[in-house]
Amino acid sequence: MTRSHFAAALTALFMAAVPAAAQSADDPPLPLLTGRVVDRASGAAVPDAIIYVGSVDQAIAAGEDGLFRIRLKPGYYQVQVSRLGYADLTTSVSISADDRSLTIEMEAEPVLLERVQVFGNRLKSRRNSRPVSSVVFDRREMVASAAPDVLEFVRTRVGLTRATCRGSSMTPCAYVRGEALPVAVTVDEMPAIGGLDALAMYRGDELHMVEVYGGGRLVKVYTVAYVEHAARRGWYPM
């Protein structure tokens, strides 16, 4: 999927399918769609796939077992599924008054999948070689959170609070371990204009991974589009 498609479908699934405010306590529960995302060839679970349902406004990630659950009003829906290393898939689902189950079979792109794994392993090796502590968040964690954007996700999970910079720093600051310090941000290996504020431009489903170093001094993000592009061409972090 392109970034514009991600942005358009950005909030696609789970809560919007059954907003708590839309039903009174006396209403019967809406039909439950239970789905499982699997590899077409092997039948093995495809973990962390991102699922969208047309006409609703939130994203949801399948679990490590490939399972997802969603309550939907009766109707006809287009379900879109994406996972790095697999071809994007769109299927139709008809929901009646009864619960139903759905198996979604995704077609693997073996070479791409292997290269994405190599890309991730290179990032891990690089993190381990740095003399500072780091924490990593993946796409599934960001999609599953209630944060409206990646800036809010990082603030919440890392505990970064915006602070006034001392001197004439051009990089937005935050309290890092009690001290107001500039926070450097890179997006796809390039310095981000606006630093910390640049993270507000992204939603969790657009990113493959976020790395946070030194309690928040450095935040490195990798978009899904970049990782797929790099993997297809055999580009790996040094």
# chains A, B, ... in the order shown; residues from 1 in each chain; ligands from 1

call {"tool": "select_by_dssp", "arguments": {"residues": "range 34-135 of chain A", "states": "strand (DSSP E)", "output": "compact mmCIF listing (two decimals) with N, CA, C and O atoms, in the first residue's frame"}}
result
# COMPACT_ATOMS: atom_id res chain seq x y z
N THR A 34 -14.43 -13.22 13.51
CA THR A 34 -13.16 -13.77 13.98
C THR A 34 -12.36 -14.18 12.75
O THR A 34 -12.83 -14.96 11.92
N GLY A 35 -11.17 -13.62 12.61
CA GLY A 35 -10.36 -13.90 11.43
C GLY A 35 -8.99 -14.44 11.78
O GLY A 35 -8.48 -14.24 12.88
N ARG A 36 -8.41 -15.14 10.83
CA ARG A 36 -7.03 -15.63 10.98
C ARG A 36 -6.31 -15.42 9.67
O ARG A 36 -6.82 -15.77 8.60
N VAL A 37 -5.12 -14.82 9.75
CA VAL A 37 -4.29 -14.56 8.58
C VAL A 37 -3.23 -15.64 8.50
O VAL A 37 -2.49 -15.86 9.47
N VAL A 38 -3.18 -16.33 7.36
CA VAL A 38 -2.24 -17.45 7.20
C VAL A 38 -1.47 -17.32 5.90
O VAL A 38 -1.88 -16.61 4.97
N ASP A 39 -0.35 -18.03 5.85
CA ASP A 39 0.44 -18.15 4.63
C ASP A 39 -0.27 -19.12 3.69
O ASP A 39 -0.60 -20.24 4.08
N ILE A 50 -1.57 -6.20 9.18
CA ILE A 50 -2.41 -5.04 9.45
C ILE A 50 -3.68 -5.17 8.63
O ILE A 50 -3.62 -5.38 7.41
N ILE A 51 -4.83 -5.05 9.28
CA ILE A 51 -6.12 -5.28 8.64
C ILE A 51 -6.93 -4.00 8.63
O ILE A 51 -6.98 -3.29 9.63
N TYR A 52 -7.56 -3.73 7.49
CA TYR A 52 -8.48 -2.60 7.36
C TYR A 52 -9.84 -3.14 6.90
O TYR A 52 -9.90 -4.04 6.08
N VAL A 53 -10.89 -2.54 7.40
CA VAL A 53 -12.23 -2.85 6.92
C VAL A 53 -12.81 -1.58 6.33
O VAL A 53 -12.82 -0.53 6.98
N ILE A 60 -6.13 -2.28 12.86
CA ILE A 60 -5.92 -3.33 13.86
C ILE A 60 -4.84 -4.28 13.35
O ILE A 60 -4.72 -4.49 12.14
N ALA A 61 -4.07 -4.83 14.25
CA ALA A 61 -3.02 -5.78 13.87
C ALA A 61 -3.40 -7.17 14.36
O ALA A 61 -3.91 -7.34 15.47
N LEU A 67 -4.41 -14.18 14.54
CA LEU A 67 -5.83 -13.99 14.83
C LEU A 67 -6.19 -12.53 15.06
O LEU A 67 -5.41 -11.75 15.59
N PHE A 68 -7.41 -12.19 14.66
CA PHE A 68 -7.98 -10.88 15.00
C PHE A 68 -9.48 -11.05 15.19
O PHE A 68 -10.09 -12.01 14.70
N ARG A 69 -10.07 -10.15 15.96
CA ARG A 69 -11.49 -10.19 16.25
C ARG A 69 -12.06 -8.79 16.13
O ARG A 69 -11.43 -7.82 16.54
N ILE A 70 -13.25 -8.69 15.57
CA ILE A 70 -13.87 -7.39 15.38
C ILE A 70 -15.38 -7.54 15.33
O ILE A 70 -15.89 -8.48 14.73
N ARG A 71 -16.08 -6.66 16.00
CA ARG A 71 -17.54 -6.64 15.91
C ARG A 71 -17.96 -5.62 14.85
O ARG A 71 -17.49 -4.49 14.85
N GLY A 75 -23.66 -6.02 7.18
CA GLY A 75 -23.42 -5.27 5.96
C GLY A 75 -22.34 -5.93 5.12
O GLY A 75 -21.91 -7.06 5.40
N TYR A 76 -21.91 -5.23 4.11
CA TYR A 76 -20.92 -5.74 3.16
C TYR A 76 -19.66 -4.90 3.27
O TYR A 76 -19.72 -3.67 3.20
N TYR A 77 -18.52 -5.55 3.46
CA TYR A 77 -17.28 -4.84 3.72
C TYR A 77 -16.16 -5.31 2.80
O TYR A 77 -16.09 -6.48 2.42
N GLN A 78 -15.26 -4.38 2.50
CA GLN A 78 -14.00 -4.71 1.83
C GLN A 78 -12.92 -4.78 2.91
O GLN A 78 -12.72 -3.84 3.66
N VAL A 79 -12.24 -5.91 2.99
CA VAL A 79 -11.19 -6.11 3.98
C VAL A 79 -9.84 -6.08 3.27
O VAL A 79 -9.61 -6.83 2.32
N GLN A 80 -8.96 -5.20 3.71
CA GLN A 80 -7.63 -5.05 3.13
C GLN A 80 -6.60 -5.50 4.15
O GLN A 80 -6.66 -5.12 5.32
N VAL A 81 -5.63 -6.30 3.69
CA VAL A 81 -4.63 -6.87 4.59
C VAL A 81 -3.24 -6.61 4.02
O VAL A 81 -3.01 -6.80 2.82
N SER A 82 -2.32 -6.17 4.88
CA SER A 82 -0.94 -5.94 4.44
C SER A 82 0.03 -6.47 5.47
O SER A 82 -0.25 -6.47 6.67
N LEU A 89 -3.48 -7.76 0.03
CA LEU A 89 -4.66 -8.55 -0.32
C LEU A 89 -5.92 -7.79 0.03
O LEU A 89 -5.99 -7.14 1.08
N THR A 90 -6.92 -7.88 -0.84
CA THR A 90 -8.24 -7.31 -0.56
C THR A 90 -9.28 -8.38 -0.80
O THR A 90 -9.26 -9.07 -1.82
N THR A 91 -10.18 -8.56 0.16
CA THR A 91 -11.25 -9.54 0.03
C THR A 91 -12.56 -8.94 0.51
O THR A 91 -12.56 -7.93 1.22
N SER A 92 -13.67 -9.53 0.13
CA SER A 92 -15.00 -9.05 0.51
C SER A 92 -15.58 -9.92 1.60
O SER A 92 -15.39 -11.14 1.61
N VAL A 93 -16.29 -9.28 2.53
CA VAL A 93 -16.91 -10.00 3.64
C VAL A 93 -18.35 -9.52 3.79
O VAL A 93 -18.60 -8.31 3.83
N SER A 94 -19.26 -10.45 3.88
CA SER A 94 -20.66 -10.13 4.15
C SER A 94 -20.99 -10.52 5.58
O SER A 94 -20.79 -11.67 5.97
N ILE A 95 -21.46 -9.56 6.36
CA ILE A 95 -21.80 -9.80 7.76
C ILE A 95 -23.32 -9.81 7.91
O ILE A 95 -23.99 -8.85 7.50
N ARG A 100 -19.37 -14.90 12.55
CA ARG A 100 -18.77 -15.71 11.49
C ARG A 100 -17.26 -15.66 11.60
O ARG A 100 -16.70 -14.80 12.29
N SER A 101 -16.63 -16.62 10.96
CA SER A 101 -15.18 -16.69 10.96
C SER A 101 -14.67 -16.55 9.53
O SER A 101 -15.39 -16.82 8.56
N LEU A 102 -13.42 -16.13 9.42
CA LEU A 102 -12.83 -15.85 8.11
C LEU A 102 -11.36 -16.23 8.16
O LEU A 102 -10.65 -15.87 9.10
N THR A 103 -10.90 -16.95 7.15
CA THR A 103 -9.48 -17.24 6.99
C THR A 103 -8.96 -16.45 5.80
O THR A 103 -9.52 -16.53 4.71
N ILE A 104 -7.92 -15.68 6.03
CA ILE A 104 -7.32 -14.86 4.98
C ILE A 104 -5.98 -15.45 4.61
O ILE A 104 -5.08 -15.55 5.45
N GLU A 105 -5.84 -15.87 3.36
CA GLU A 105 -4.60 -16.49 2.89
C GLU A 105 -3.77 -15.46 2.14
O GLU A 105 -4.22 -14.90 1.14
N MET A 106 -2.56 -15.22 2.62
CA MET A 106 -1.67 -14.24 1.98
C MET A 106 -0.57 -14.96 1.20
O MET A 106 -0.08 -16.01 1.63
N SER A 134 18.73 1.20 24.59
CA SER A 134 17.75 1.43 23.54
C SER A 134 16.49 0.62 23.82
O SER A 134 16.52 -0.39 24.53
N VAL A 135 15.39 1.09 23.26
CA VAL A 135 14.13 0.37 23.33
C VAL A 135 13.52 0.42 21.95
O VAL A 135 13.69 1.39 21.21

call {"tool": "closest_residue", "arguments": {"among": "A:Gly178, A:Gly159, A:Glu152, A:Leu84", "to": "Thr223 in chain A", "atoms": "only C-alpha atoms"}}
result
A:Leu84

call {"tool": "atom_distance", "arguments": {"atom1": "CA of Leu218 in chain A", "atom2": "CA of Pro172 in chain A"}}
result
11.7 Å

call {"tool": "atom_distance", "arguments": {"atom1": "CA of Lys220 in chain A", "atom2": "CA of Leu196 in chain A"}}
result
10.4 Å

call {"tool": "atom_distance", "arguments": {"atom1": "CA of Arg140 in chain A", "atom2": "CA of Val56 in chain A"}}
result
18.9 Å

call {"tool": "closest_residue", "arguments": {"among": "A:Arg155, A:Arg177, A:Arg166, A:His208", "to": "Gly120 in chain A", "atoms": "only C-alpha atoms"}}
result
A:His208

call {"tool": "closest_residue", "arguments": {"among": "A:Ala87, A:Met209, A:Ala97, A:Val46", "to": "Pro28 in chain A", "atoms": "only C-alpha atoms"}}
result
A:Ala97

call {"tool": "decode", "arguments": {"residues": "range 162-205 of chain A", "atoms": "N, CA and C atoms", "output": "PDB file, in the first residue's frame"}}
result
ATOM      1  N   ARG A 162       7.510  17.484  26.545  1.00  0.00           N
ATOM      2  CA  ARG A 162       8.063  18.643  25.834  1.00  0.00           C
ATOM      3  C   ARG A 162       8.640  19.648  26.830  1.00  0.00           C
ATOM      4  N   ALA A 163       9.787  20.215  26.485  1.00  0.00           N
ATOM      5  CA  ALA A 163      10.457  21.164  27.376  1.00  0.00           C
ATOM      6  C   ALA A 163      10.994  22.339  26.572  1.00  0.00           C
ATOM      7  N   THR A 164      11.216  23.465  27.243  1.00  0.00           N
ATOM      8  CA  THR A 164      11.819  24.631  26.611  1.00  0.00           C
ATOM      9  C   THR A 164      13.324  24.421  26.506  1.00  0.00           C
ATOM     10  N   CYS A 165      13.844  24.598  25.300  1.00  0.00           N
ATOM     11  CA  CYS A 165      15.270  24.387  25.090  1.00  0.00           C
ATOM     12  C   CYS A 165      16.084  25.528  25.693  1.00  0.00           C
ATOM     13  N   ARG A 166      17.231  25.208  26.187  1.00  0.00           N
ATOM     14  CA  ARG A 166      18.168  26.225  26.648  1.00  0.00           C
ATOM     15  C   ARG A 166      18.969  26.723  25.457  1.00  0.00           C
ATOM     16  N   GLY A 167      19.313  27.984  25.457  1.00  0.00           N
ATOM     17  CA  GLY A 167      20.107  28.532  24.368  1.00  0.00           C
ATOM     18  C   GLY A 167      19.295  28.640  23.093  1.00  0.00           C
ATOM     19  N   SER A 168      19.937  28.403  21.957  1.00  0.00           N
ATOM     20  CA  SER A 168      19.290  28.588  20.656  1.00  0.00           C
ATOM     21  C   SER A 168      19.161  27.290  19.885  1.00  0.00           C
ATOM     22  N   SER A 169      18.879  26.199  20.573  1.00  0.00           N
ATOM     23  CA  SER A 169      18.753  24.919  19.899  1.00  0.00           C
ATOM     24  C   SER A 169      17.644  24.955  18.859  1.00  0.00           C
ATOM     25  N   MET A 170      17.944  24.450  17.656  1.00  0.00           N
ATOM     26  CA  MET A 170      16.949  24.394  16.586  1.00  0.00           C
ATOM     27  C   MET A 170      16.137  23.105  16.664  1.00  0.00           C
ATOM     28  N   THR A 171      16.514  22.194  17.541  1.00  0.00           N
ATOM     29  CA  THR A 171      15.825  20.916  17.685  1.00  0.00           C
ATOM     30  C   THR A 171      14.906  20.960  18.892  1.00  0.00           C
ATOM     31  N   PRO A 172      13.626  20.593  18.745  1.00  0.00           N
ATOM     32  CA  PRO A 172      12.726  20.579  19.899  1.00  0.00           C
ATOM     33  C   PRO A 172      13.299  19.751  21.042  1.00  0.00           C
ATOM     34  N   CYS A 173      13.073  20.222  22.261  1.00  0.00           N
ATOM     35  CA  CYS A 173      13.612  19.552  23.437  1.00  0.00           C
ATOM     36  C   CYS A 173      12.527  18.818  24.202  1.00  0.00           C
ATOM     37  N   ALA A 174      12.978  17.912  25.050  1.00  0.00           N
ATOM     38  CA  ALA A 174      12.087  17.188  25.950  1.00  0.00           C
ATOM     39  C   ALA A 174      12.869  16.861  27.205  1.00  0.00           C
ATOM     40  N   TYR A 175      12.145  16.573  28.269  1.00  0.00           N
ATOM     41  CA  TYR A 175      12.809  16.149  29.491  1.00  0.00           C
ATOM     42  C   TYR A 175      13.256  14.707  29.337  1.00  0.00           C
ATOM     43  N   VAL A 176      14.557  14.514  29.334  1.00  0.00           N
ATOM     44  CA  VAL A 176      15.147  13.184  29.236  1.00  0.00           C
ATOM     45  C   VAL A 176      15.847  12.903  30.552  1.00  0.00           C
ATOM     46  N   ARG A 177      15.262  11.990  31.317  1.00  0.00           N
ATOM     47  CA  ARG A 177      15.806  11.666  32.634  1.00  0.00           C
ATOM     48  C   ARG A 177      15.947  12.911  33.489  1.00  0.00           C
ATOM     49  N   GLY A 178      14.943  13.765  33.412  1.00  0.00           N
ATOM     50  CA  GLY A 178      14.871  14.943  34.269  1.00  0.00           C
ATOM     51  C   GLY A 178      15.568  16.177  33.755  1.00  0.00           C
ATOM     52  N   GLU A 179      16.226  16.072  32.603  1.00  0.00           N
ATOM     53  CA  GLU A 179      16.960  17.216  32.061  1.00  0.00           C
ATOM     54  C   GLU A 179      16.388  17.617  30.703  1.00  0.00           C
ATOM     55  N   ALA A 180      16.214  18.915  30.466  1.00  0.00           N
ATOM     56  CA  ALA A 180      15.706  19.405  29.190  1.00  0.00           C
ATOM     57  C   ALA A 180      16.819  19.317  28.145  1.00  0.00           C
ATOM     58  N   LEU A 181      16.645  18.438  27.173  1.00  0.00           N
ATOM     59  CA  LEU A 181      17.671  18.193  26.170  1.00  0.00           C
ATOM     60  C   LEU A 181      17.055  18.142  24.777  1.00  0.00           C
ATOM     61  N   PRO A 182      17.822  18.526  23.735  1.00  0.00           N
ATOM     62  CA  PRO A 182      17.333  18.374  22.364  1.00  0.00           C
ATOM     63  C   PRO A 182      17.130  16.897  22.041  1.00  0.00           C
ATOM     64  N   VAL A 183      16.098  16.601  21.295  1.00  0.00           N
ATOM     65  CA  VAL A 183      15.829  15.230  20.868  1.00  0.00           C
ATOM     66  C   VAL A 183      16.063  15.151  19.366  1.00  0.00           C
ATOM     67  N   ALA A 184      17.060  14.381  18.965  1.00  0.00           N
ATOM     68  CA  ALA A 184      17.346  14.191  17.543  1.00  0.00           C
ATOM     69  C   ALA A 184      16.445  13.096  16.992  1.00  0.00           C
ATOM     70  N   VAL A 185      15.933  13.307  15.805  1.00  0.00           N
ATOM     71  CA  VAL A 185      15.036  12.339  15.166  1.00  0.00           C
ATOM     72  C   VAL A 185      15.518  12.081  13.749  1.00  0.00           C
ATOM     73  N   THR A 186      15.583  10.814  13.368  1.00  0.00           N
ATOM     74  CA  THR A 186      15.848  10.468  11.979  1.00  0.00           C
ATOM     75  C   THR A 186      14.671   9.661  11.447  1.00  0.00           C
ATOM     76  N   VAL A 187      14.344   9.911  10.190  1.00  0.00           N
ATOM     77  CA  VAL A 187      13.302   9.153   9.500  1.00  0.00           C
ATOM     78  C   VAL A 187      13.949   8.498   8.286  1.00  0.00           C
ATOM     79  N   ASP A 188      13.934   7.175   8.262  1.00  0.00           N
ATOM     80  CA  ASP A 188      14.541   6.426   7.163  1.00  0.00           C
ATOM     81  C   ASP A 188      15.994   6.841   6.947  1.00  0.00           C
ATOM     82  N   GLU A 189      16.722   6.944   8.069  1.00  0.00           N
ATOM     83  CA  GLU A 189      18.155   7.211   8.096  1.00  0.00           C
ATOM     84  C   GLU A 189      18.529   8.652   7.756  1.00  0.00           C
ATOM     85  N   MET A 190      17.542   9.533   7.645  1.00  0.00           N
ATOM     86  CA  MET A 190      17.821  10.937   7.358  1.00  0.00           C
ATOM     87  C   MET A 190      17.327  11.804   8.510  1.00  0.00           C
ATOM     88  N   PRO A 191      18.088  12.877   8.875  1.00  0.00           N
ATOM     89  CA  PRO A 191      17.627  13.776   9.940  1.00  0.00           C
ATOM     90  C   PRO A 191      16.265  14.367   9.582  1.00  0.00           C
ATOM     91  N   ALA A 192      15.370  14.384  10.565  1.00  0.00           N
ATOM     92  CA  ALA A 192      14.020  14.885  10.338  1.00  0.00           C
ATOM     93  C   ALA A 192      13.950  16.373  10.643  1.00  0.00           C
ATOM     94  N   ILE A 193      13.473  17.139   9.681  1.00  0.00           N
ATOM     95  CA  ILE A 193      13.255  18.565   9.913  1.00  0.00           C
ATOM     96  C   ILE A 193      12.142  18.713  10.952  1.00  0.00           C
ATOM     97  N   GLY A 194      12.423  19.480  11.990  1.00  0.00           N
ATOM     98  CA  GLY A 194      11.429  19.630  13.050  1.00  0.00           C
ATOM     99  C   GLY A 194      11.659  18.707  14.222  1.00  0.00           C
ATOM    100  N   GLY A 195      12.627  17.790  14.089  1.00  0.00           N
ATOM    101  CA  GLY A 195      12.958  16.922  15.211  1.00  0.00           C
ATOM    102  C   GLY A 195      11.765  16.154  15.742  1.00  0.00           C
ATOM    103  N   LEU A 196      11.562  16.240  17.032  1.00  0.00           N
ATOM    104  CA  LEU A 196      10.507  15.486  17.703  1.00  0.00           C
ATOM    105  C   LEU A 196       9.138  15.755  17.090  1.00  0.00           C
ATOM    106  N   ASP A 197       8.906  16.997  16.673  1.00  0.00           N
ATOM    107  CA  ASP A 197       7.605  17.349  16.112  1.00  0.00           C
ATOM    108  C   ASP A 197       7.303  16.594  14.821  1.00  0.00           C
ATOM    109  N   ALA A 198       8.332  16.135  14.123  1.00  0.00           N
ATOM    110  CA  ALA A 198       8.123  15.412  12.867  1.00  0.00           C
ATOM    111  C   ALA A 198       7.361  14.115  13.089  1.00  0.00           C
ATOM    112  N   LEU A 199       7.431  13.569  14.291  1.00  0.00           N
ATOM    113  CA  LEU A 199       6.751  12.302  14.565  1.00  0.00           C
ATOM    114  C   LEU A 199       5.238  12.439  14.523  1.00  0.00           C
ATOM    115  N   ALA A 200       4.746  13.668  14.673  1.00  0.00           N
ATOM    116  CA  ALA A 200       3.301  13.880  14.624  1.00  0.00           C
ATOM    117  C   ALA A 200       2.749  13.679  13.221  1.00  0.00           C
ATOM    118  N   MET A 201       3.623  13.611  12.220  1.00  0.00           N
ATOM    119  CA  MET A 201       3.190  13.430  10.842  1.00  0.00           C
ATOM    120  C   MET A 201       2.856  11.982  10.526  1.00  0.00           C
ATOM    121  N   TYR A 202       3.211  11.063  11.422  1.00  0.00           N
ATOM    122  CA  TYR A 202       3.074   9.639  11.121  1.00  0.00           C
ATOM    123  C   TYR A 202       2.097   8.949  12.055  1.00  0.00           C
ATOM    124  N   ARG A 203       1.371   8.001  11.495  1.00  0.00           N
ATOM    125  CA  ARG A 203       0.535   7.100  12.275  1.00  0.00           C
ATOM    126  C   ARG A 203       1.269   5.771  12.419  1.00  0.00           C
ATOM    127  N   GLY A 204       0.886   4.997  13.417  1.00  0.00           N
ATOM    128  CA  GLY A 204       1.589   3.754  13.692  1.00  0.00           C
ATOM    129  C   GLY A 204       1.635   2.779  12.536  1.00  0.00           C
ATOM    130  N   ASP A 205       0.558   2.722  11.731  1.00  0.00           N
ATOM    131  CA  ASP A 205       0.525   1.759  10.630  1.00  0.00           C
ATOM    132  C   ASP A 205       1.472   2.137   9.503  1.00  0.00           C
TER     133      ASP A 205
END
